[in-house]
Each structure stands twice: as structure tokens, then as C-alpha cells.
Amino acid sequence: MSSAAITVSLEDLKNVKDVPEEFAQLRHRLLTYSSYLGNLPEFRLAKIENPGSKYLTGWSRGKETLKNGQVDFLKGSFYANCAFYVDPSLDCAVPTDDFSPDNFPEYLSPNLWPGDTTIPGFKETFEDLCRLIIDTGVLVAKACDKYAEQEIEGYQKGYLEHVVKTSTTTKARLLHYFPAEFTKENAGELNDDDWCATHVDHGCLTGLTSAMFINETRQVPAIPTGEALERITKGKFKAVPHYVRGVRPGIADGENQGGKIARNTLAVFTQPNLDEIVDSEQGITFGEFARGVVEKNTTK
């Protein structure tokens with residue numbers, strides 16, 4: 001698949017156009033796998049958990065805090081390093097003088113995949129869809145660079161494209177939002193961001209598939225911007241706050257089945273390599289910046 005088949009402009013970053021046909025097939029397959037994954041027996045899920053990486057590789061549920069110190073049990077996630085985009089032999093980010101598997105396992109722990117006897121084809125589908133999304137991100141990055149080169153003094157030509165195309169630090173997160181229990185008693189306590197609290201991503205560009213519910217109609221990826229890009233561009237591009245609203249009773253097929261609806265999606269976080277500078281004024285590398293974010297978001 002050639003990335004040239006995808007078109008995107010700076011004025012239309014939200015919805016990417018002319019996505020290759022295989023995107024829909026890969027999306028449907030992987031998001032279906034997400035439901036299988038989320039409903040595996042605990043003993044199988046335990047085999048693909050990695051507490052040492054603060055659960056930033058493999059499976060996790062209830063290991064993250066997002067709002068007011070509240071532990072998030074409403075979603076499960078499967079993280080994988082996307083270093084394979086740069087080099088198929090890589091299974092995690094490339095170490096640097098400052099960051100090694102011993103002091104930064106969050107990004108330098110190898111991937112943990114469910115075996116083919118558990119979910120046949122999972123790894124291949126995951127990697128193929130991530131490659132397609134990163135290809136799209138490269139084109140979005142080119143559009144961002146064109147603007148930044150005109151508007152930001154001293155901006156390095158083609159920098160964001162370089163980040164997206166060459167980074168071994170990019171992470172992907174397959175998400176399964178479990179059906180929440182909605183009752184008459186708790187209806188008044190529901191928030192707009194009950195499935196995922198309001199936040200900004202800490203990378204540069206995030207490639208998102210449209211979500212899979214029981215009924216799905218759209219198959220278009222979106223590309224929100226993150227905190228690292230805001231720092232790199234000195235605020236010219238803003239990190240986009242976003243949240244996920246849980247399905248409410250009464251909206252599924254006209255019946256009161258909202259509490260039974262799960263949501264699956266894939267997010268690919270394109271991020272600079274660990275030693276790339278993201279804040280030139282303070283001399284902060286992405287590794288230093290990411291370490292602080294991980295500490296803030298992880299349960300104690």
C-alpha cells in the first residue's frame with residue numbers, strides 16, 4: 001500500500017480522505033479482536049500483563065488514574081510498541097545513553113502478544129493496521145510542517161514528518177470500554193466523560209479509528225494533536241482535549257440496552273524518539289517529558 005493514495009490538508013486534519021480499502025477490513029478485524037481480548041479468562045490476560053513497564057506494554061485494566069485520583073476500571077487496554085514500522089526486527093524503542101530497559105521499561109520493554117492459539121492473527125492484524133495509520137500520519141505531518149515552516153522562526157524543515165516516519169517510540173493502544181452499569185439510582189451521577197476523563201495525549205499526532213459499537217456506520221480515522229507537538233511548535237498547534245462518553249440506556253436500537261454496549265477502538269500515538277528535543281527553550285527531551293506523564297497517570 002502506498003501512502004500517496006491518501007490525501008489530507010491542513011484545513012481538514014480531523015477526517016482523513018481516500019483511505020485505502022484495506023483500512024476498513026483491518027479496522028473491523030482488530031476491533032473485533034478487542035472484544036475477544038477483553039473477555040479472555042483472567043489467567044490468560046495475566047500472561048500478557050507487564051507491571052514492570054507500568055503496563056505500557058501488554059494488557060491492563062484498573063491500573064490508571066485519570067480524574068481526581070479515581071482508578072479507571074471502565075476500560076481495558078492493550079499497548080504495543082510500533083518500532084516495527086521503522087525496523088521489523090525491533091520490538092521496542094531504541095535505547096539511548098540516558099534511557100535503557102533498566103531505567104525506562106515503559107518504552108523499552110518488548111511487546112507481549114497473545115499467542116496464535118489464543119487469538120489467531122492478532123499480531124499481524126495489529127501491526128498492519130498500525131502501519132497504515134502511521135503512513136497516514138506521515139502525510140498529516142507534512143501538512144503541519146508546511147505551516148510551521150512559514151509561521152515559526154527557526155523551525156527545522158520537515159521536523160514533524162521526520163518524527164512520525166523515523167520514531168521507534170510510537171505506541172499503539174487497543175481499547176475495550178466495558179459496558180457500564182446504568183441504573184435509575186446512578187443516572188443523575190453520570191458525567192459526559194464517564195468512559196474516559198477529559199485529557200490531552202502527550203505525543204505529537206494521534207491516529208484514531210472510529211469506534212466499534214453494536215451498530216457502526218462510519219469508518220474514518222481522525223488525527224488529534226498532542227502535547228509534544230504543542231511544545232515543538234511553541235504553541236502554534238494546540239493539544240486537543242478529548243473524552244469518551246459512555247453509552248446511555250435507551251439509545252441502542254430503540255431499546256433499553258445502553259448498559260450492555262461496549263466500545264472498541266485503536267489509538268496510535270506518534271511520538272519523537274526518546275532523545276529528541278521537544279522543548280528547545282528548556283532543553284527537554286521526549287523521554288524526560290514522557291517519564292513525567294507516565295508517573296502522573298500511573299496508580300501508586
# chains A, B, ... in the order shown; residues from 1 in each chain; ligands from 1
>>> select_by_dssp(residues="region 45-220 of chain A", states="strand (DSSP E)", output="ChimeraX atom specification")
/A:58-61,65-67,70-71,75-81,171-177,196-199,205-208
>>> write_last_selection(atoms="N, CA and C atoms", output="mmCIF file, in the first residue's frame")
data_model
loop_
_atom_site.group_PDB
_atom_site.id
_atom_site.type_symbol
_atom_site.label_atom_id
_atom_site.label_comp_id
_atom_site.auth_asym_id
_atom_site.auth_seq_id
_atom_site.Cartn_x
_atom_site.Cartn_y
_atom_site.Cartn_z
ATOM 1 N N GLY A 58 1.527 -4.645 26.633
ATOM 2 C CA GLY A 58 0.604 -5.697 27.006
ATOM 3 C C GLY A 58 -0.715 -5.189 27.554
ATOM 4 N N TRP A 59 -1.405 -6.061 28.281
ATOM 5 C CA TRP A 59 -2.775 -5.833 28.751
ATOM 6 C C TRP A 59 -2.794 -5.144 30.118
ATOM 7 N N SER A 60 -3.809 -4.315 30.325
ATOM 8 C CA SER A 60 -4.038 -3.750 31.651
ATOM 9 C C SER A 60 -5.500 -3.342 31.806
ATOM 10 N N ARG A 61 -5.919 -3.355 33.064
ATOM 11 C CA ARG A 61 -7.241 -2.836 33.425
ATOM 12 C C ARG A 61 -7.190 -2.404 34.887
ATOM 13 N N THR A 65 -4.988 6.137 36.656
ATOM 14 C CA THR A 65 -5.852 7.157 37.239
ATOM 15 C C THR A 65 -5.995 8.303 36.252
ATOM 16 N N LEU A 66 -7.216 8.760 36.073
ATOM 17 C CA LEU A 66 -7.451 9.810 35.085
ATOM 18 C C LEU A 66 -8.091 11.076 35.650
ATOM 19 N N LYS A 67 -8.829 10.972 36.758
ATOM 20 C CA LYS A 67 -9.514 12.148 37.273
ATOM 21 C C LYS A 67 -9.686 12.023 38.775
ATOM 22 N N GLN A 70 -9.089 8.924 40.715
ATOM 23 C CA GLN A 70 -10.011 7.805 40.525
ATOM 24 C C GLN A 70 -9.380 6.729 39.641
ATOM 25 N N VAL A 71 -9.432 5.477 40.108
ATOM 26 C CA VAL A 71 -8.899 4.360 39.326
ATOM 27 C C VAL A 71 -9.875 4.011 38.210
ATOM 28 N N LYS A 75 -12.304 0.682 31.326
ATOM 29 C CA LYS A 75 -11.718 0.239 30.062
ATOM 30 C C LYS A 75 -10.507 -0.650 30.303
ATOM 31 N N GLY A 76 -10.328 -1.573 29.384
ATOM 32 C CA GLY A 76 -9.117 -2.371 29.345
ATOM 33 C C GLY A 76 -8.331 -1.951 28.130
ATOM 34 N N SER A 77 -7.013 -2.106 28.182
ATOM 35 C CA SER A 77 -6.222 -1.691 27.025
ATOM 36 C C SER A 77 -5.058 -2.635 26.786
ATOM 37 N N PHE A 78 -4.658 -2.673 25.527
ATOM 38 C CA PHE A 78 -3.504 -3.461 25.114
ATOM 39 C C PHE A 78 -2.537 -2.524 24.404
ATOM 40 N N TYR A 79 -1.362 -2.309 25.010
ATOM 41 C CA TYR A 79 -0.338 -1.441 24.447
ATOM 42 C C TYR A 79 0.687 -2.253 23.664
ATOM 43 N N ALA A 80 1.150 -1.684 22.559
ATOM 44 C CA ALA A 80 2.245 -2.286 21.806
ATOM 45 C C ALA A 80 3.156 -1.194 21.273
ATOM 46 N N ASN A 81 4.449 -1.450 21.306
ATOM 47 C CA ASN A 81 5.413 -0.551 20.675
ATOM 48 C C ASN A 81 5.323 -0.702 19.161
ATOM 49 N N LYS A 171 3.649 4.483 20.086
ATOM 50 C CA LYS A 171 2.898 3.456 20.816
ATOM 51 C C LYS A 171 1.496 3.330 20.215
ATOM 52 N N ALA A 172 0.958 2.118 20.277
ATOM 53 C CA ALA A 172 -0.430 1.898 19.879
ATOM 54 C C ALA A 172 -1.190 1.316 21.067
ATOM 55 N N ARG A 173 -2.449 1.712 21.195
ATOM 56 C CA ARG A 173 -3.270 1.250 22.319
ATOM 57 C C ARG A 173 -4.623 0.778 21.786
ATOM 58 N N LEU A 174 -4.850 -0.517 21.890
ATOM 59 C CA LEU A 174 -6.138 -1.105 21.529
ATOM 60 C C LEU A 174 -7.022 -1.069 22.771
ATOM 61 N N LEU A 175 -8.180 -0.455 22.646
ATOM 62 C CA LEU A 175 -9.029 -0.189 23.810
ATOM 63 C C LEU A 175 -10.333 -0.953 23.757
ATOM 64 N N HIS A 176 -10.727 -1.460 24.903
ATOM 65 C CA HIS A 176 -12.035 -2.091 25.066
ATOM 66 C C HIS A 176 -12.731 -1.440 26.253
ATOM 67 N N TYR A 177 -13.751 -0.635 25.951
ATOM 68 C CA TYR A 177 -14.538 0.011 27.005
ATOM 69 C C TYR A 177 -15.652 -0.937 27.425
ATOM 70 N N CYS A 196 -14.038 7.847 29.708
ATOM 71 C CA CYS A 196 -12.638 8.260 29.731
ATOM 72 C C CYS A 196 -12.599 9.745 30.030
ATOM 73 N N ALA A 197 -11.948 10.121 31.126
ATOM 74 C CA ALA A 197 -11.945 11.506 31.568
ATOM 75 C C ALA A 197 -11.245 12.411 30.560
ATOM 76 N N THR A 198 -11.596 13.698 30.588
ATOM 77 C CA THR A 198 -11.007 14.676 29.688
ATOM 78 C C THR A 198 -9.487 14.715 29.867
ATOM 79 N N HIS A 199 -8.762 14.674 28.745
ATOM 80 C CA HIS A 199 -7.307 14.639 28.786
ATOM 81 C C HIS A 199 -6.750 15.084 27.450
ATOM 82 N N LEU A 205 1.049 13.449 17.048
ATOM 83 C CA LEU A 205 -0.221 13.216 16.362
ATOM 84 C C LEU A 205 -0.751 11.861 16.810
ATOM 85 N N THR A 206 -2.049 11.775 17.013
ATOM 86 C CA THR A 206 -2.675 10.508 17.395
ATOM 87 C C THR A 206 -3.598 10.060 16.277
ATOM 88 N N GLY A 207 -3.361 8.857 15.747
ATOM 89 C CA GLY A 207 -4.251 8.282 14.743
ATOM 90 C C GLY A 207 -5.303 7.442 15.435
ATOM 91 N N LEU A 208 -6.564 7.770 15.228
ATOM 92 C CA LEU A 208 -7.669 7.078 15.893
ATOM 93 C C LEU A 208 -8.593 6.437 14.861
#
>>> residues_around(residues="region 260-275 of chain A", least_positions_apart="2", cutoff="7 Å", atoms="only C-alpha atoms", output="mmCIF file with N, CA and C atoms, in the first residue's frame")
data_model
loop_
_atom_site.group_PDB
_atom_site.id
_atom_site.type_symbol
_atom_site.label_atom_id
_atom_site.label_comp_id
_atom_site.auth_asym_id
_atom_site.auth_seq_id
_atom_site.Cartn_x
_atom_site.Cartn_y
_atom_site.Cartn_z
ATOM 1 N N LEU A 31 -10.744 -4.503 15.814
ATOM 2 C CA LEU A 31 -11.667 -4.067 16.867
ATOM 3 C C LEU A 31 -12.560 -5.216 17.329
ATOM 4 N N SER A 34 -10.560 -6.969 19.828
ATOM 5 C CA SER A 34 -10.520 -6.259 21.109
ATOM 6 C C SER A 34 -11.562 -6.798 22.080
ATOM 7 N N THR A 96 18.953 4.799 24.490
ATOM 8 C CA THR A 96 19.883 5.919 24.334
ATOM 9 C C THR A 96 20.848 5.904 25.521
ATOM 10 N N CYS A 130 -1.625 -0.588 12.238
ATOM 11 C CA CYS A 130 -0.766 0.482 12.745
ATOM 12 C C CYS A 130 0.092 1.078 11.632
ATOM 13 N N VAL A 163 9.836 13.012 12.631
ATOM 14 C CA VAL A 163 9.440 12.370 13.890
ATOM 15 C C VAL A 163 8.522 11.179 13.621
ATOM 16 N N VAL A 164 7.489 11.400 12.828
ATOM 17 C CA VAL A 164 6.494 10.356 12.600
ATOM 18 C C VAL A 164 7.085 9.190 11.806
ATOM 19 N N SER A 167 10.499 7.510 14.116
ATOM 20 C CA SER A 167 10.494 7.239 15.551
ATOM 21 C C SER A 167 10.266 5.762 15.856
ATOM 22 N N THR A 168 11.044 5.246 16.801
ATOM 23 C CA THR A 168 10.819 3.892 17.317
ATOM 24 C C THR A 168 10.034 3.937 18.635
ATOM 25 N N THR A 169 9.589 5.132 19.023
ATOM 26 C CA THR A 169 8.911 5.327 20.300
ATOM 27 C C THR A 169 7.394 5.316 20.166
ATOM 28 N N THR A 170 6.878 5.367 18.954
ATOM 29 C CA THR A 170 5.432 5.386 18.735
ATOM 30 C C THR A 170 4.766 4.195 19.426
ATOM 31 N N LYS A 171 3.649 4.483 20.086
ATOM 32 C CA LYS A 171 2.898 3.456 20.816
ATOM 33 C C LYS A 171 1.496 3.330 20.215
ATOM 34 N N ALA A 172 0.958 2.118 20.277
ATOM 35 C CA ALA A 172 -0.430 1.898 19.879
ATOM 36 C C ALA A 172 -1.190 1.316 21.067
ATOM 37 N N ARG A 173 -2.449 1.712 21.195
ATOM 38 C CA ARG A 173 -3.270 1.250 22.319
ATOM 39 C C ARG A 173 -4.623 0.778 21.786
ATOM 40 N N LEU A 174 -4.850 -0.517 21.890
ATOM 41 C CA LEU A 174 -6.138 -1.105 21.529
ATOM 42 C C LEU A 174 -7.022 -1.069 22.771
ATOM 43 N N LEU A 175 -8.180 -0.455 22.646
ATOM 44 C CA LEU A 175 -9.029 -0.189 23.810
ATOM 45 C C LEU A 175 -10.333 -0.953 23.757
ATOM 46 N N HIS A 176 -10.727 -1.460 24.903
ATOM 47 C CA HIS A 176 -12.035 -2.091 25.066
ATOM 48 C C HIS A 176 -12.731 -1.440 26.253
ATOM 49 N N TYR A 177 -13.751 -0.635 25.951
ATOM 50 C CA TYR A 177 -14.538 0.011 27.005
ATOM 51 C C TYR A 177 -15.652 -0.937 27.425
ATOM 52 N N PHE A 178 -15.575 -1.362 28.655
ATOM 53 C CA PHE A 178 -16.550 -2.330 29.148
ATOM 54 C C PHE A 178 -17.902 -1.662 29.365
ATOM 55 N N PRO A 179 -18.991 -2.411 29.141
ATOM 56 C CA PRO A 179 -20.313 -1.854 29.407
ATOM 57 C C PRO A 179 -20.426 -1.407 30.861
ATOM 58 N N GLY A 203 1.811 12.776 22.969
ATOM 59 C CA GLY A 203 2.659 12.637 21.792
ATOM 60 C C GLY A 203 2.491 13.807 20.841
ATOM 61 N N CYS A 204 2.720 13.544 19.557
ATOM 62 C CA CYS A 204 2.599 14.586 18.529
ATOM 63 C C CYS A 204 1.252 14.505 17.825
ATOM 64 N N LEU A 205 1.049 13.449 17.048
ATOM 65 C CA LEU A 205 -0.221 13.216 16.362
ATOM 66 C C LEU A 205 -0.751 11.861 16.810
ATOM 67 N N THR A 206 -2.049 11.775 17.013
ATOM 68 C CA THR A 206 -2.675 10.508 17.395
ATOM 69 C C THR A 206 -3.598 10.060 16.277
ATOM 70 N N GLY A 207 -3.361 8.857 15.747
ATOM 71 C CA GLY A 207 -4.251 8.282 14.743
ATOM 72 C C GLY A 207 -5.303 7.442 15.435
ATOM 73 N N LEU A 208 -6.564 7.770 15.228
ATOM 74 C CA LEU A 208 -7.669 7.078 15.893
ATOM 75 C C LEU A 208 -8.593 6.437 14.861
ATOM 76 N N THR A 209 -8.945 5.176 15.082
ATOM 77 C CA THR A 209 -10.017 4.601 14.274
ATOM 78 C C THR A 209 -11.347 5.063 14.842
ATOM 79 N N SER A 210 -12.373 5.086 14.000
ATOM 80 C CA SER A 210 -13.709 5.296 14.547
ATOM 81 C C SER A 210 -14.044 4.100 15.424
ATOM 82 N N ALA A 211 -14.869 4.329 16.441
ATOM 83 C CA ALA A 211 -15.158 3.283 17.420
ATOM 84 C C ALA A 211 -16.099 2.228 16.850
ATOM 85 N N MET A 212 -16.006 1.033 17.392
ATOM 86 C CA MET A 212 -16.939 -0.034 17.051
ATOM 87 C C MET A 212 -17.916 -0.224 18.206
ATOM 88 N N PHE A 213 -19.194 -0.001 17.937
ATOM 89 C CA PHE A 213 -20.272 -0.294 18.867
ATOM 90 C C PHE A 213 -21.054 -1.470 18.283
ATOM 91 N N ILE A 214 -22.225 -1.768 18.859
ATOM 92 C CA ILE A 214 -23.073 -2.806 18.278
ATOM 93 C C ILE A 214 -23.489 -2.383 16.883
ATOM 94 N N VAL A 247 -22.074 4.957 26.691
ATOM 95 C CA VAL A 247 -23.385 4.768 26.075
ATOM 96 C C VAL A 247 -24.449 4.817 27.154
ATOM 97 N N GLN A 257 -30.933 -0.848 26.178
ATOM 98 C CA GLN A 257 -29.796 -1.761 26.198
ATOM 99 C C GLN A 257 -28.470 -1.026 26.334
ATOM 100 N N GLY A 258 -28.534 0.264 26.690
ATOM 101 C CA GLY A 258 -27.312 1.058 26.748
ATOM 102 C C GLY A 258 -26.272 0.468 27.663
ATOM 103 N N ILE A 277 14.568 16.484 21.158
ATOM 104 C CA ILE A 277 14.166 17.645 21.948
ATOM 105 C C ILE A 277 12.738 18.046 21.585
ATOM 106 N N THR A 285 13.949 16.588 26.546
ATOM 107 C CA THR A 285 13.775 15.544 25.545
ATOM 108 C C THR A 285 12.408 14.899 25.709
ATOM 109 N N PHE A 286 11.982 14.163 24.672
ATOM 110 C CA PHE A 286 10.695 13.492 24.795
ATOM 111 C C PHE A 286 10.719 12.443 25.901
ATOM 112 N N GLY A 287 11.847 11.751 26.063
ATOM 113 C CA GLY A 287 11.946 10.764 27.120
ATOM 114 C C GLY A 287 11.712 11.360 28.492
#
>>> closest_residue(among="A:Thr125, A:Ile284, A:Val278, A:Thr166", to="Ala93 (chain A)", atoms="only C-alpha atoms")
A:Thr166
>>> residues_around(residues="Leu108 (chain A)", least_positions_apart="5", cutoff="10 Å", atoms="only C-alpha atoms", output="list of chain:residue names")
A:Ser53, A:Leu56, A:Thr57, A:Asn81, A:Asp91, A:Cys92, A:Ala93, A:Val94, A:Pro95, A:Phe99, A:Ser100, A:Pro101, A:Asp102, A:Asn103, A:Thr169
>>> closest_residue(among="A:Ala46, A:Val294, A:Val19, A:Ala141", to="Trp113 (chain A)", atoms="only C-alpha atoms")
A:Ala46
>>> closest_residue(among="A:Glu21, A:Asp128, A:Glu106, A:Asp72", to="Pro88 (chain A)", atoms="only C-alpha atoms")
A:Asp128
>>> closest_residue(among="A:Phe104, A:Ile48, A:Asp97, A:Lys123", to="Tyr33 (chain A)", atoms="only C-alpha atoms")
A:Lys123
